[in-house]
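Asker: Data file model_10.txt (compact mmCIF, C-alpha atoms) is appended below.
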```txt
# COMPACT_ATOMS: atom_id res chain seq x y z
CA MET A 1198 -16.30 -4.01 17.69
CA LEU A 1199 -12.95 -3.30 16.04
CA LYS A 1200 -12.98 0.51 16.20
CA ASP A 1201 -10.15 1.89 18.37
CA GLN A 1202 -9.48 -1.50 19.97
CA THR A 1203 -6.09 -2.29 18.42
CA ALA A 1204 -2.94 -0.44 17.44
CA ILE A 1205 0.25 -0.77 15.42
CA VAL A 1206 3.00 -0.61 18.04
CA GLY A 1207 6.10 -1.69 16.11
CA ILE A 1208 7.48 -1.26 12.60
CA GLY A 1209 10.51 -2.84 10.95
CA GLU A 1210 12.16 -2.30 7.58
CA THR A 1211 15.23 -3.96 6.07
CA GLU A 1212 17.51 -2.21 3.65
CA PHE A 1213 15.90 -1.46 0.28
CA SER A 1214 17.69 -2.23 -2.96
CA LYS A 1215 17.14 -3.27 -6.54
CA SER A 1216 18.88 -6.53 -5.69
CA ILE A 1217 19.78 -7.87 -2.24
CA ASP A 1218 21.97 -10.94 -1.75
CA SER A 1219 19.67 -12.65 0.77
CA THR A 1220 16.71 -14.99 0.86
CA GLU A 1221 13.13 -13.86 1.38
CA LEU A 1222 13.09 -15.84 4.64
CA ASN A 1223 16.16 -14.02 5.95
CA LEU A 1224 14.74 -10.65 4.96
CA ALA A 1225 11.40 -11.46 6.59
CA CYS A 1226 13.00 -12.53 9.87
CA LYS A 1227 15.17 -9.42 9.91
CA ALA A 1228 12.24 -7.05 9.40
CA ILE A 1229 10.08 -8.82 11.99
CA LYS A 1230 12.84 -8.76 14.60
CA ILE A 1231 13.36 -5.03 14.00
CA ALA A 1232 9.61 -4.45 14.42
CA LEU A 1233 9.45 -6.47 17.64
CA ASP A 1234 12.46 -4.62 19.05
CA ASP A 1235 10.82 -1.35 18.05
CA ALA A 1236 7.72 -2.37 20.01
CA GLY A 1237 9.68 -3.74 22.96
CA ILE A 1238 8.02 -7.15 22.64
CA ASN A 1239 9.75 -10.53 22.93
CA PRO A 1240 9.31 -12.96 20.01
CA ASP A 1241 7.78 -15.61 22.28
CA GLN A 1242 4.82 -13.28 22.92
CA VAL A 1243 3.72 -13.41 19.26
CA ASP A 1244 0.67 -15.63 18.77
CA ALA A 1245 -0.82 -14.33 15.49
CA LEU A 1246 0.53 -13.93 11.97
CA GLY A 1247 -0.83 -12.27 8.87
CA SER A 1248 0.69 -12.31 5.40
CA PHE A 1249 0.00 -12.25 1.66
CA THR A 1250 -1.08 -15.27 -0.38
CA TYR A 1251 1.82 -14.26 -2.62
CA GLU A 1252 4.24 -14.76 0.30
CA GLU A 1253 6.48 -17.76 -0.42
CA THR A 1254 7.73 -18.23 3.16
CA PRO A 1255 5.31 -20.35 5.24
CA GLU A 1256 4.28 -19.26 8.72
CA PHE A 1257 5.98 -22.16 10.47
CA GLU A 1258 9.36 -21.13 9.05
CA ILE A 1259 8.90 -17.63 10.44
CA ALA A 1260 7.72 -18.90 13.83
CA ARG A 1261 10.53 -21.44 14.15
CA ASN A 1262 13.34 -19.14 13.10
CA LEU A 1263 12.27 -16.29 15.38
CA GLY A 1264 11.24 -18.35 18.42
CA PHE A 1265 7.57 -17.42 18.53
CA GLY A 1266 5.16 -18.89 21.03
CA ASN A 1267 2.27 -21.15 20.05
CA LEU A 1268 0.14 -19.51 17.37
CA THR A 1269 -3.60 -19.18 17.91
CA TYR A 1270 -4.32 -17.30 14.68
CA TRP A 1271 -2.88 -16.94 11.17
CA SER A 1272 -4.32 -15.81 7.87
CA GLN A 1273 -3.32 -14.78 4.37
CA ALA A 1274 -4.82 -12.02 2.23
CA PRO A 1275 -5.03 -12.33 -1.57
CA TYR A 1276 -4.70 -9.95 -4.53
CA GLY A 1277 -1.10 -8.81 -4.12
CA GLY A 1278 -1.25 -5.03 -3.93
CA GLY A 1279 -4.70 -5.27 -2.36
CA ALA A 1280 -3.46 -7.35 0.56
CA SER A 1281 -1.49 -5.24 3.07
CA CYS A 1282 -4.38 -3.51 4.82
CA ALA A 1283 -6.50 -6.67 4.52
CA ALA A 1284 -3.86 -8.71 6.36
CA ILE A 1285 -3.57 -5.99 9.00
CA GLY A 1286 -7.33 -5.77 9.47
CA GLN A 1287 -7.73 -9.53 9.79
CA VAL A 1288 -5.05 -9.78 12.49
CA ALA A 1289 -6.52 -6.74 14.26
CA MET A 1290 -9.93 -8.44 14.33
CA ALA A 1291 -8.38 -11.57 15.83
CA ILE A 1292 -6.81 -9.50 18.60
CA ALA A 1293 -9.94 -7.40 19.22
CA SER A 1294 -12.02 -10.58 19.52
CA GLY A 1295 -9.61 -12.14 22.03
CA VAL A 1296 -8.39 -14.93 19.77
CA ALA A 1297 -4.81 -13.62 19.98
CA ASN A 1298 -2.77 -10.98 21.80
CA VAL A 1299 0.27 -10.01 19.68
CA GLY A 1300 0.18 -10.10 15.90
CA VAL A 1301 2.80 -9.67 13.19
CA VAL A 1302 2.10 -8.83 9.56
CA TRP A 1303 4.98 -8.96 7.10
CA ARG A 1304 5.91 -8.83 3.43
CA SER A 1305 9.23 -10.05 2.08
CA ARG A 1306 9.97 -9.78 -1.61
CA LYS A 1307 12.78 -10.10 -4.12
CA ARG A 1308 11.22 -8.38 -7.10
CA GLY A 1309 14.59 -7.67 -8.66
CA ASP A 1310 14.35 -11.16 -10.17
CA PRO A 1311 12.07 -10.85 -13.24
CA SER A 1312 11.09 -14.52 -13.00
CA SER A 1313 9.37 -13.80 -9.67
CA ARG A 1314 6.70 -11.63 -11.30
CA MET A 1315 3.42 -13.45 -11.83
CA TRP A 1316 2.85 -12.24 -15.39
CA SER A 1317 6.18 -13.73 -16.45
CA HIS A 1318 4.56 -17.17 -16.26
CA THR A 1319 1.77 -16.65 -18.82
CA ASN A 1320 0.83 -19.90 -20.55
CA GLU A 1321 0.22 -20.25 -24.27
CA GLN A 1322 -3.36 -21.31 -23.57
CA ILE A 1323 -5.47 -19.54 -20.96
CA PHE A 1324 -8.67 -20.86 -19.42
CA ASP A 1325 -9.24 -18.66 -16.36
CA HIS A 1326 -10.34 -14.99 -16.10
CA TRP A 1327 -7.23 -13.85 -17.98
CA LYS A 1328 -8.85 -15.09 -21.20
CA TRP A 1329 -10.84 -11.84 -21.36
CA SER A 1330 -7.76 -9.58 -21.53
CA ARG A 1331 -4.47 -11.31 -22.37
CA PRO A 1332 -5.40 -12.33 -25.95
CA SER A 1333 -5.91 -8.59 -26.60
CA GLY A 1334 -2.33 -7.86 -25.58
CA LEU A 1335 -3.03 -6.86 -21.99
CA VAL A 1336 -0.34 -9.11 -20.55
CA ARG A 1337 0.95 -7.05 -17.63
CA PRO A 1338 -0.79 -5.07 -14.88
CA VAL A 1339 0.57 -1.86 -16.43
CA ASP A 1340 -1.28 -2.65 -19.66
CA GLU A 1341 -4.58 -2.96 -17.82
CA SER A 1342 -3.96 0.24 -15.85
CA SER A 1343 -3.00 2.16 -19.00
CA MET A 1344 -6.37 1.33 -20.57
CA LEU A 1345 -8.18 2.86 -17.60
CA MET A 1346 -5.97 5.96 -17.65
CA ARG A 1347 -6.60 6.47 -21.36
CA ARG A 1348 -10.34 6.25 -20.70
CA TYR A 1349 -10.01 8.78 -17.84
CA MET A 1350 -7.99 11.20 -20.00
CA HIS A 1351 -10.54 10.98 -22.81
CA GLN A 1352 -13.54 11.34 -20.52
CA TYR A 1353 -12.21 14.30 -18.51
CA ASN A 1354 -9.97 16.02 -21.09
CA TYR A 1355 -6.51 15.42 -19.57
CA ASP A 1356 -3.17 14.60 -21.18
CA ARG A 1357 0.21 13.18 -20.15
CA LYS A 1358 1.44 16.53 -18.84
CA ASP A 1359 -1.39 16.47 -16.32
CA LEU A 1360 -0.53 12.93 -15.22
CA ALA A 1361 3.16 13.85 -14.85
CA SER A 1362 2.30 15.88 -11.75
CA VAL A 1363 1.71 12.68 -9.76
CA SER A 1364 5.16 11.19 -10.33
CA ILE A 1365 6.90 14.53 -9.90
CA ALA A 1366 5.19 15.19 -6.56
CA LEU A 1367 6.18 11.80 -5.16
CA ARG A 1368 9.75 12.14 -6.39
CA LYS A 1369 10.07 15.39 -4.41
CA TYR A 1370 9.13 13.49 -1.25
CA ALA A 1371 11.69 10.79 -2.06
CA ASN A 1372 14.39 13.40 -2.55
CA SER A 1373 13.97 14.24 1.16
CA ASN A 1374 14.02 10.59 2.25
CA GLU A 1375 17.50 9.07 2.50
CA ARG A 1376 16.10 5.52 2.49
CA ALA A 1377 14.26 6.03 -0.79
CA LEU A 1378 15.76 4.32 -3.83
CA MET A 1379 15.19 7.53 -5.81
CA HIS A 1380 16.61 9.80 -3.09
CA ASN A 1381 19.36 11.24 -5.27
CA LYS A 1382 17.42 11.33 -8.54
CA SER A 1383 15.35 14.40 -9.33
CA LEU A 1384 12.47 14.29 -11.83
CA SER A 1385 11.46 17.18 -14.07
CA LEU A 1386 8.56 17.50 -16.49
CA SER A 1387 11.07 17.22 -19.34
CA ASP A 1388 12.47 13.99 -17.87
CA TYR A 1389 8.96 12.60 -17.63
CA MET A 1390 7.83 13.56 -21.13
CA ASN A 1391 11.00 12.14 -22.71
CA ALA A 1392 10.98 8.84 -20.79
CA ARG A 1393 10.47 5.60 -22.65
CA MET A 1394 6.89 4.47 -22.99
CA ILE A 1395 5.93 1.29 -21.11
CA SER A 1396 2.24 1.07 -22.01
CA ASP A 1397 0.76 4.20 -23.57
CA PRO A 1398 -0.01 6.60 -21.90
CA LEU A 1399 2.08 5.28 -18.98
CA CYS A 1400 5.83 5.85 -19.23
CA LEU A 1401 8.72 4.59 -17.12
CA PHE A 1402 8.06 7.04 -14.30
CA ASP A 1403 4.39 6.02 -13.99
CA ASN A 1404 5.52 2.55 -12.89
CA CYS A 1405 6.54 1.33 -9.44
CA LEU A 1406 10.11 0.36 -8.65
CA GLU A 1407 11.09 -3.31 -8.85
CA SER A 1408 12.91 -3.78 -5.55
CA ASP A 1409 14.03 -6.17 -2.83
CA GLY A 1410 13.44 -5.92 0.90
CA ALA A 1411 11.05 -6.72 3.71
CA ILE A 1412 8.72 -4.80 6.02
CA ALA A 1413 6.88 -5.93 9.15
CA ILE A 1414 4.49 -4.42 11.68
CA VAL A 1415 3.37 -5.47 15.17
CA ILE A 1416 -0.24 -5.18 16.34
CA THR A 1417 -1.59 -5.39 19.93
CA SER A 1418 -4.65 -4.29 21.81
CA VAL A 1419 -4.77 -0.60 22.74
CA LYS A 1420 -4.65 -1.64 26.39
CA MET A 1421 -1.37 -3.50 25.85
CA ALA A 1422 -0.06 -0.61 23.75
CA GLU A 1423 -0.43 1.69 26.76
CA SER A 1424 2.27 -0.31 28.57
CA LEU A 1425 4.78 0.06 25.70
CA ASN A 1426 7.11 2.94 24.98
CA ASN A 1427 6.10 3.85 21.42
CA ILE A 1428 3.32 6.19 20.39
CA PRO A 1429 0.68 3.76 19.07
CA ALA A 1430 -0.99 4.20 15.69
CA ILE A 1431 -4.53 3.22 16.67
CA ILE A 1432 -6.53 1.32 14.04
CA HIS A 1433 -9.67 3.43 14.06
CA SER A 1434 -11.50 1.79 11.17
CA TYR A 1435 -10.86 -0.88 8.56
CA SER A 1436 -12.66 -2.23 5.53
CA GLN A 1437 -12.20 -4.52 2.57
CA GLY A 1438 -14.04 -4.10 -0.71
CA MET A 1439 -14.83 -6.01 -3.88
CA SER A 1440 -17.45 -5.04 -6.45
CA ARG A 1441 -19.48 -7.78 -8.10
CA ASP A 1442 -18.12 -6.95 -11.58
CA HIS A 1443 -14.45 -7.13 -10.59
CA GLN A 1444 -11.88 -9.22 -12.40
CA LEU A 1445 -8.38 -9.38 -10.97
CA MET A 1446 -7.23 -5.96 -12.20
CA THR A 1447 -10.08 -4.53 -14.27
CA HIS A 1448 -13.65 -3.29 -14.21
CA TYR A 1449 -13.88 -3.19 -17.98
CA HIS A 1450 -17.29 -4.88 -18.14
CA SER A 1451 -19.03 -2.87 -15.43
CA ASP A 1452 -21.37 0.06 -15.99
CA ASP A 1453 -18.52 2.43 -15.11
CA PRO A 1454 -15.02 0.96 -15.65
CA LEU A 1455 -13.55 3.82 -13.59
CA GLU A 1456 -15.62 2.97 -10.51
CA SER A 1457 -13.33 0.42 -8.88
CA SER A 1458 -13.65 -1.73 -5.77
CA SER A 1459 -12.13 1.20 -3.88
CA TYR A 1460 -15.59 2.75 -3.91
CA VAL A 1461 -16.89 -0.24 -1.96
CA THR A 1462 -13.99 -0.10 0.50
CA ALA A 1463 -14.24 3.65 0.98
CA SER A 1464 -17.98 3.73 1.56
CA ASN A 1465 -17.76 1.07 4.24
CA LEU A 1466 -14.62 2.55 5.80
CA TRP A 1467 -16.23 5.97 6.30
CA SER A 1468 -19.48 4.41 7.56
CA LEU A 1469 -17.49 2.62 10.28
CA SER A 1470 -15.54 5.76 11.20
CA ASP A 1471 -16.13 8.79 13.38
CA TYR A 1472 -14.32 10.85 10.76
CA SER A 1473 -14.81 12.00 7.17
CA PRO A 1474 -12.34 12.67 4.32
CA LYS A 1475 -11.96 16.33 5.35
CA ASP A 1476 -10.51 15.21 8.69
CA VAL A 1477 -7.61 13.23 7.17
CA ASP A 1478 -4.24 14.92 7.69
CA VAL A 1479 -2.11 12.70 5.44
CA ALA A 1480 -2.82 9.82 3.04
CA GLN A 1481 -0.69 6.91 1.90
CA ILE A 1482 -2.34 5.76 -1.33
CA TYR A 1483 -1.26 2.61 -3.16
CA ASP A 1484 0.68 3.61 -6.26
CA ALA A 1485 1.95 0.66 -8.25
CA PHE A 1486 1.04 2.93 -11.17
CA SER A 1487 0.52 6.67 -11.00
CA PRO A 1488 -3.16 6.65 -12.11
CA MET A 1489 -4.07 4.84 -8.91
CA ILE A 1490 -3.57 8.05 -6.93
CA PRO A 1491 -6.14 10.21 -8.78
CA PHE A 1492 -8.50 7.24 -9.04
CA SER A 1493 -8.28 6.67 -5.27
CA LEU A 1494 -8.65 10.34 -4.36
CA GLU A 1495 -11.99 10.27 -6.13
CA ALA A 1496 -13.04 6.90 -4.74
CA TYR A 1497 -12.34 7.97 -1.14
CA ASP A 1498 -14.36 11.15 -1.70
CA PHE A 1499 -11.55 13.68 -1.41
CA CYS A 1500 -12.84 15.29 -4.60
CA PRO A 1501 -15.56 14.80 -7.24
CA LYS A 1502 -15.07 12.41 -10.14
CA GLY A 1503 -12.85 13.80 -12.87
CA GLU A 1504 -11.27 16.53 -10.73
CA ALA A 1505 -8.36 14.70 -9.08
CA LEU A 1506 -5.70 15.40 -11.72
CA LYS A 1507 -6.68 19.07 -11.85
CA LEU A 1508 -6.29 19.35 -8.07
CA ILE A 1509 -3.00 17.43 -8.07
CA ASN A 1510 -1.65 19.88 -10.66
CA GLU A 1511 -2.71 22.69 -8.34
CA GLY A 1512 -0.66 21.16 -5.49
CA LEU A 1513 -3.22 19.11 -3.55
CA ILE A 1514 -0.87 16.23 -2.68
CA ASP A 1515 2.25 18.33 -2.06
CA VAL A 1516 3.74 18.77 1.41
CA ASP A 1517 1.96 22.12 1.81
CA GLY A 1518 -1.16 21.03 -0.05
CA GLY A 1519 -4.57 20.18 1.31
CA LEU A 1520 -3.79 16.44 1.47
CA PRO A 1521 -0.12 15.36 1.44
CA VAL A 1522 0.08 11.94 -0.22
CA ASN A 1523 2.80 9.25 -0.09
CA THR A 1524 5.16 11.38 1.92
CA SER A 1525 8.04 8.88 1.77
CA GLY A 1526 7.98 8.74 -2.03
CA GLY A 1527 5.62 5.78 -2.25
CA SER A 1528 6.00 2.81 -4.56
CA LEU A 1529 6.97 5.08 -7.44
CA SER A 1530 10.02 6.58 -5.74
CA GLU A 1531 10.77 4.99 -2.34
CA VAL A 1532 10.41 1.21 -2.68
CA TYR A 1533 7.88 -1.29 -4.00
CA LEU A 1534 6.94 -3.96 -1.45
CA HIS A 1535 3.27 -4.31 -2.30
CA GLY A 1536 2.45 -1.15 -0.37
CA MET A 1537 3.78 -2.13 3.05
CA ASN A 1538 6.03 0.95 3.05
CA LEU A 1539 2.84 3.03 2.92
CA VAL A 1540 1.76 1.43 6.20
CA THR A 1541 5.03 2.15 7.96
CA GLU A 1542 5.00 5.72 6.63
CA GLY A 1543 1.49 6.18 8.02
CA VAL A 1544 2.72 5.01 11.42
CA LYS A 1545 5.75 7.31 11.26
CA GLN A 1546 3.48 10.26 10.53
CA ILE A 1547 1.31 9.45 13.56
CA ARG A 1548 4.46 9.17 15.69
CA GLY A 1549 5.78 12.48 14.37
CA LEU A 1550 8.99 10.82 13.13
CA ALA A 1551 8.64 10.84 9.34
CA ASN A 1552 11.38 12.20 7.08
CA VAL A 1553 8.87 14.65 5.65
CA GLN A 1554 6.72 15.16 8.71
CA ILE A 1555 3.29 16.69 8.25
CA LYS A 1556 2.57 19.10 11.08
CA ASN A 1557 0.01 17.85 13.61
CA ALA A 1558 -0.67 14.65 11.68
CA LYS A 1559 -3.23 12.85 13.84
CA LEU A 1560 -5.25 10.96 11.24
CA ALA A 1561 -3.68 8.94 8.40
CA LEU A 1562 -5.44 6.99 5.65
CA VAL A 1563 -3.63 3.97 4.17
CA THR A 1564 -5.09 2.28 1.08
CA THR A 1565 -4.24 -0.73 -1.04
CA CYS A 1566 -4.43 -1.32 -4.80
CA ASP A 1567 -7.29 0.51 -6.51
CA ALA A 1568 -7.19 -1.91 -9.45
CA THR A 1569 -7.78 -5.09 -7.42
CA PRO A 1570 -10.19 -6.12 -4.67
CA ASN A 1571 -8.71 -4.11 -1.84
CA ALA A 1572 -8.74 -2.75 1.71
CA ALA A 1573 -7.91 0.35 3.74
CA VAL A 1574 -7.22 1.37 7.32
CA LEU A 1575 -7.62 4.67 9.09
CA LEU A 1576 -4.89 5.23 11.67
CA LYS A 1577 -5.11 7.82 14.42
CA GLY A 1578 -2.88 9.13 17.18
CA GLU A 1579 -3.69 9.13 20.86
```
Let me see the structure of the file written as structure tokens.

Answerer:
Amino acid sequence: MLKDQTAIVGIGETEFSKSIDSTELNLACKAIKIALDDAGINPDQVDALGSFTYEETPEFEIARNLGFGNLTYWSQAPYGGGASCAAIGQVAMAIASGVANVGVVWRSRKRGDPSSRMWSHTNEQIFDHWKWSRPSGLVRPVDESSMLMRRYMHQYNYDRKDLASVSIALRKYANSNERALMHNKSLSLSDYMNARMISDPLCLFDNCLESDGAIAIVITSVKMAESLNNIPAIIHSYSQGMSRDHQLMTHYHSDDPLESSSYVTASNLWSLSDYSPKDVDVAQIYDAFSPMIPFSLEAYDFCPKGEALKLINEGLIDVDGGLPVNTSGGSLSEVYLHGMNLVTEGVKQIRGLANVQIKNAKLALVTTCDATPNAAVLLKGE
């Protein structure tokens, strides 16, 4: 059984920037070495790797450049923003089952180059699942997310001023985080309402940052973690989820387009856990676009359907709210590396070393992209 058998014992982050003069391989190796040093583990002890299917650096390049031992496990998780917790969970299962002993999960990305974004390569003729949305003008992920937000606003009587509270709350966290790309840039309601529209009703500040950098984590058994110096972030429970009606980033043709695959992930995650949503001290919720936070709060049963934006406006996700969310600034205001920064922030909160530290944070939820097939992990302290 996976529950409480493995832990994240090392984290590594490179510099974050809109454009870094380095290769993805170099950035990956740098982040992994920092994570191994943080854990106090030699590279030749690593025998498992987990990454994203979107990762362009093959495992053998990582292993060769860093001097890993022989690998007994490797895997890749699909769906971009839905992949970080899936890759972590898969490596954790390999370690819990005895297939491997020390695992590394990484993400290295140079998103500052527009040509690296998957929707920049749309063909004139489309034959796969995109044929149901792209001919209607839904070319980018933001277009698909904006349709869902418009439906949510109509159904539950919200407007853009209500949605603004999400981006403003996360920017406040980033303003206290020196590593955040938006550290020195405040965000007011006026700034938000006057920002250029990207895909109505989502404006510039509802969109994640396009950024360069790399992040890595190290996973071992809890028994091995006890011999290391760091406070381990124990992987208490883990789940993936995909509903039968899911396309890559939409549920448009399901009975309820607002009931995403996160509902599948959440239901299974809580069923495998000794805890419930009311026990969570801090949450790191995937936020490529701001609507994903209210959607996920409802999916993970922190509030009833249709109430998330109301509660966010009342301060739910603020530092002194009932559930602080994305305490580093998240993908909207810290850095966008397909959500891996949410994982490292969850670990920092468990260690008690976050820039905006939540008092007595012992249980942290980390989720991946609400709009895609996805995954989540529940991290706990000792």

Asker: Within 12 Å of Ala1422 in chain A, counting only C-alpha atoms, which residues show up once you throw out same-chain ones fewer than 6 positions away? Write them as a PDB file with C-alpha atoms, in the coordinates of the input, please.

Answerer:
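And here is the file that came out, result13.pdb:
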```pdb
ATOM      1  CA  ASP A1201     -10.150   1.890  18.370  1.00  0.00           C
ATOM      2  CA  GLN A1202      -9.480  -1.500  19.970  1.00  0.00           C
ATOM      3  CA  THR A1203      -6.090  -2.290  18.420  1.00  0.00           C
ATOM      4  CA  ALA A1204      -2.940  -0.440  17.440  1.00  0.00           C
ATOM      5  CA  ILE A1205       0.250  -0.770  15.420  1.00  0.00           C
ATOM      6  CA  VAL A1206       3.000  -0.610  18.040  1.00  0.00           C
ATOM      7  CA  GLY A1207       6.100  -1.690  16.110  1.00  0.00           C
ATOM      8  CA  ALA A1236       7.720  -2.370  20.010  1.00  0.00           C
ATOM      9  CA  GLY A1237       9.680  -3.740  22.960  1.00  0.00           C
ATOM     10  CA  ILE A1238       8.020  -7.150  22.640  1.00  0.00           C
ATOM     11  CA  ASN A1298      -2.770 -10.980  21.800  1.00  0.00           C
ATOM     12  CA  VAL A1299       0.270 -10.010  19.680  1.00  0.00           C
ATOM     13  CA  VAL A1415       3.370  -5.470  15.170  1.00  0.00           C
ATOM     14  CA  ILE A1416      -0.240  -5.180  16.340  1.00  0.00           C
ATOM     15  CA  ILE A1428       3.320   6.190  20.390  1.00  0.00           C
ATOM     16  CA  PRO A1429       0.680   3.760  19.070  1.00  0.00           C
ATOM     17  CA  ALA A1430      -0.990   4.200  15.690  1.00  0.00           C
ATOM     18  CA  ILE A1431      -4.530   3.220  16.670  1.00  0.00           C
ATOM     19  CA  ILE A1432      -6.530   1.320  14.040  1.00  0.00           C
ATOM     20  CA  GLU A1579      -3.690   9.130  20.860  1.00  0.00           C
TER      21      GLU A1579
END
```

Asker: In Å to one decimal, how far is CA of Trp1271 in chain A from CA of Asp1244 in chain A?

Answerer: 8.5 Å

Asker: Which residue gives the smallest distance to Glu1253 in chain A among A:Ala1297, A:Ala1228, A:Ala1463, A:Leu1222, with only C-alpha atoms counted?

Answerer: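 Selected residue with least distance to Glu1253 in chain A: A:Leu1222.
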
Asker: Give me, as an MDAnalysis selection string, all polymer residues having an atom no more than 12 Å from Met1198 in chain A, counting only C-alpha atoms and skipping those fewer than 2 positions away in the same chain.

Answerer: chainID A and resid 1200:1203 1289:1295 1432:1435 1469:1470

Asker: Record the distance separating CA of Ile1259 in chain A and CA of Lys1215 in chain A, expressed in Å with one decimal.

Answerer: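 A separation of 23.7 Å between them.
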
Asker: For Gly1512 in chain A, which residue among A:Asp1498, A:Asp1478, A:Asp1403, A:Asp1359 is the nearest when counting all atoms listed in the file?

Answerer: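 Smallest separation from Gly1512 in chain A among the options: A:Asp1359.
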
Asker: For each of A:Leu1550, A:Met1390, A:Ile1217, A:Ile1490, take the minimum atom-to-atom distance to Ser1342 in chain A, counting all atoms listed in the file, then give the residue where this is smallest.

Answerer: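 Once distances to Ser1342 in chain A are computed over all atoms listed in the file, the minimum belongs to A:Ile1490.
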
Asker: Determine, counting only C-alpha atoms, every residue of protein, DNA or RNA that lies within 6 Å of (3.4, -5.8, 1.7) in the file coordinates, then give the result as an MDAnalysis selection string.

Answerer: chainID A and resid 1281 1304 1534:1537

Asker: Provide the CA of Leu1233 in chain A to CA of Ala1260 in chain A distance in Å, to one decimal place.

Answerer: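 Separation of CA of Leu1233 in chain A and CA of Ala1260 in chain A: 13.1 Å.
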
Asker: Within 9 Å of range 1554-1565 of chain A, counting all atoms listed in the file, which residues qualify if same-chain residues fewer than 6 places away don't, as a PDB file with C-alpha atoms, keeping the file's coordinate frame?

Answerer:
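Writing done, so here's around.pdb:
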```pdb
ATOM      1  CA  GLY A1278      -1.250  -5.030  -3.930  1.00  0.00           C
ATOM      2  CA  GLY A1279      -4.700  -5.270  -2.360  1.00  0.00           C
ATOM      3  CA  ALA A1280      -3.460  -7.350   0.560  1.00  0.00           C
ATOM      4  CA  SER A1281      -1.490  -5.240   3.070  1.00  0.00           C
ATOM      5  CA  CYS A1282      -4.380  -3.510   4.820  1.00  0.00           C
ATOM      6  CA  ALA A1283      -6.500  -6.670   4.520  1.00  0.00           C
ATOM      7  CA  SER A1459     -12.130   1.200  -3.880  1.00  0.00           C
ATOM      8  CA  ASP A1476     -10.510  15.210   8.690  1.00  0.00           C
ATOM      9  CA  VAL A1477      -7.610  13.230   7.170  1.00  0.00           C
ATOM     10  CA  ASP A1478      -4.240  14.920   7.690  1.00  0.00           C
ATOM     11  CA  VAL A1479      -2.110  12.700   5.440  1.00  0.00           C
ATOM     12  CA  ALA A1480      -2.820   9.820   3.040  1.00  0.00           C
ATOM     13  CA  GLN A1481      -0.690   6.910   1.900  1.00  0.00           C
ATOM     14  CA  ILE A1482      -2.340   5.760  -1.330  1.00  0.00           C
ATOM     15  CA  TYR A1483      -1.260   2.610  -3.160  1.00  0.00           C
ATOM     16  CA  ASP A1484       0.680   3.610  -6.260  1.00  0.00           C
ATOM     17  CA  SER A1493      -8.280   6.670  -5.270  1.00  0.00           C
ATOM     18  CA  VAL A1516       3.740  18.770   1.410  1.00  0.00           C
ATOM     19  CA  ASP A1517       1.960  22.120   1.810  1.00  0.00           C
ATOM     20  CA  PRO A1521      -0.120  15.360   1.440  1.00  0.00           C
ATOM     21  CA  THR A1524       5.160  11.380   1.920  1.00  0.00           C
ATOM     22  CA  HIS A1535       3.270  -4.310  -2.300  1.00  0.00           C
ATOM     23  CA  GLY A1536       2.450  -1.150  -0.370  1.00  0.00           C
ATOM     24  CA  LEU A1539       2.840   3.030   2.920  1.00  0.00           C
ATOM     25  CA  VAL A1540       1.760   1.430   6.200  1.00  0.00           C
ATOM     26  CA  GLY A1543       1.490   6.180   8.020  1.00  0.00           C
ATOM     27  CA  VAL A1544       2.720   5.010  11.420  1.00  0.00           C
ATOM     28  CA  LYS A1545       5.750   7.310  11.260  1.00  0.00           C
ATOM     29  CA  GLN A1546       3.480  10.260  10.530  1.00  0.00           C
ATOM     30  CA  ILE A1547       1.310   9.450  13.560  1.00  0.00           C
ATOM     31  CA  ARG A1548       4.460   9.170  15.690  1.00  0.00           C
ATOM     32  CA  ASN A1571      -8.710  -4.110  -1.840  1.00  0.00           C
ATOM     33  CA  ALA A1572      -8.740  -2.750   1.710  1.00  0.00           C
ATOM     34  CA  ALA A1573      -7.910   0.350   3.740  1.00  0.00           C
ATOM     35  CA  VAL A1574      -7.220   1.370   7.320  1.00  0.00           C
ATOM     36  CA  LEU A1575      -7.620   4.670   9.090  1.00  0.00           C
ATOM     37  CA  LEU A1576      -4.890   5.230  11.670  1.00  0.00           C
ATOM     38  CA  LYS A1577      -5.110   7.820  14.420  1.00  0.00           C
ATOM     39  CA  GLY A1578      -2.880   9.130  17.180  1.00  0.00           C
ATOM     40  CA  GLU A1579      -3.690   9.130  20.860  1.00  0.00           C
TER      41      GLU A1579
END
```

Asker: Take range 1546-1551 of chain A, model N, CA and C atoms, and hand the result over as an mmCIF file, keeping the file's coordinate frame.

Answerer:
```
data_model
loop_
_atom_site.group_PDB
_atom_site.id
_atom_site.type_symbol
_atom_site.label_atom_id
_atom_site.label_comp_id
_atom_site.auth_asym_id
_atom_site.auth_seq_id
_atom_site.Cartn_x
_atom_site.Cartn_y
_atom_site.Cartn_z
ATOM 1 N N GLN A 1546 4.153 8.968 10.478
ATOM 2 C CA GLN A 1546 3.480 10.260 10.530
ATOM 3 C C GLN A 1546 2.707 10.433 11.836
ATOM 4 N N ILE A 1547 2.035 9.386 12.285
ATOM 5 C CA ILE A 1547 1.310 9.450 13.560
ATOM 6 C C ILE A 1547 2.282 9.654 14.714
ATOM 7 N N ARG A 1548 3.450 9.024 14.637
ATOM 8 C CA ARG A 1548 4.460 9.170 15.690
ATOM 9 C C ARG A 1548 5.169 10.520 15.646
ATOM 10 N N GLY A 1549 5.070 11.217 14.518
ATOM 11 C CA GLY A 1549 5.780 12.480 14.370
ATOM 12 C C GLY A 1549 7.234 12.305 14.018
ATOM 13 N N LEU A 1550 7.588 11.150 13.397
ATOM 14 C CA LEU A 1550 8.990 10.820 13.130
ATOM 15 C C LEU A 1550 9.282 10.585 11.653
ATOM 16 N N ALA A 1551 8.425 11.050 10.766
ATOM 17 C CA ALA A 1551 8.640 10.840 9.340
ATOM 18 C C ALA A 1551 9.728 11.759 8.809
#
```
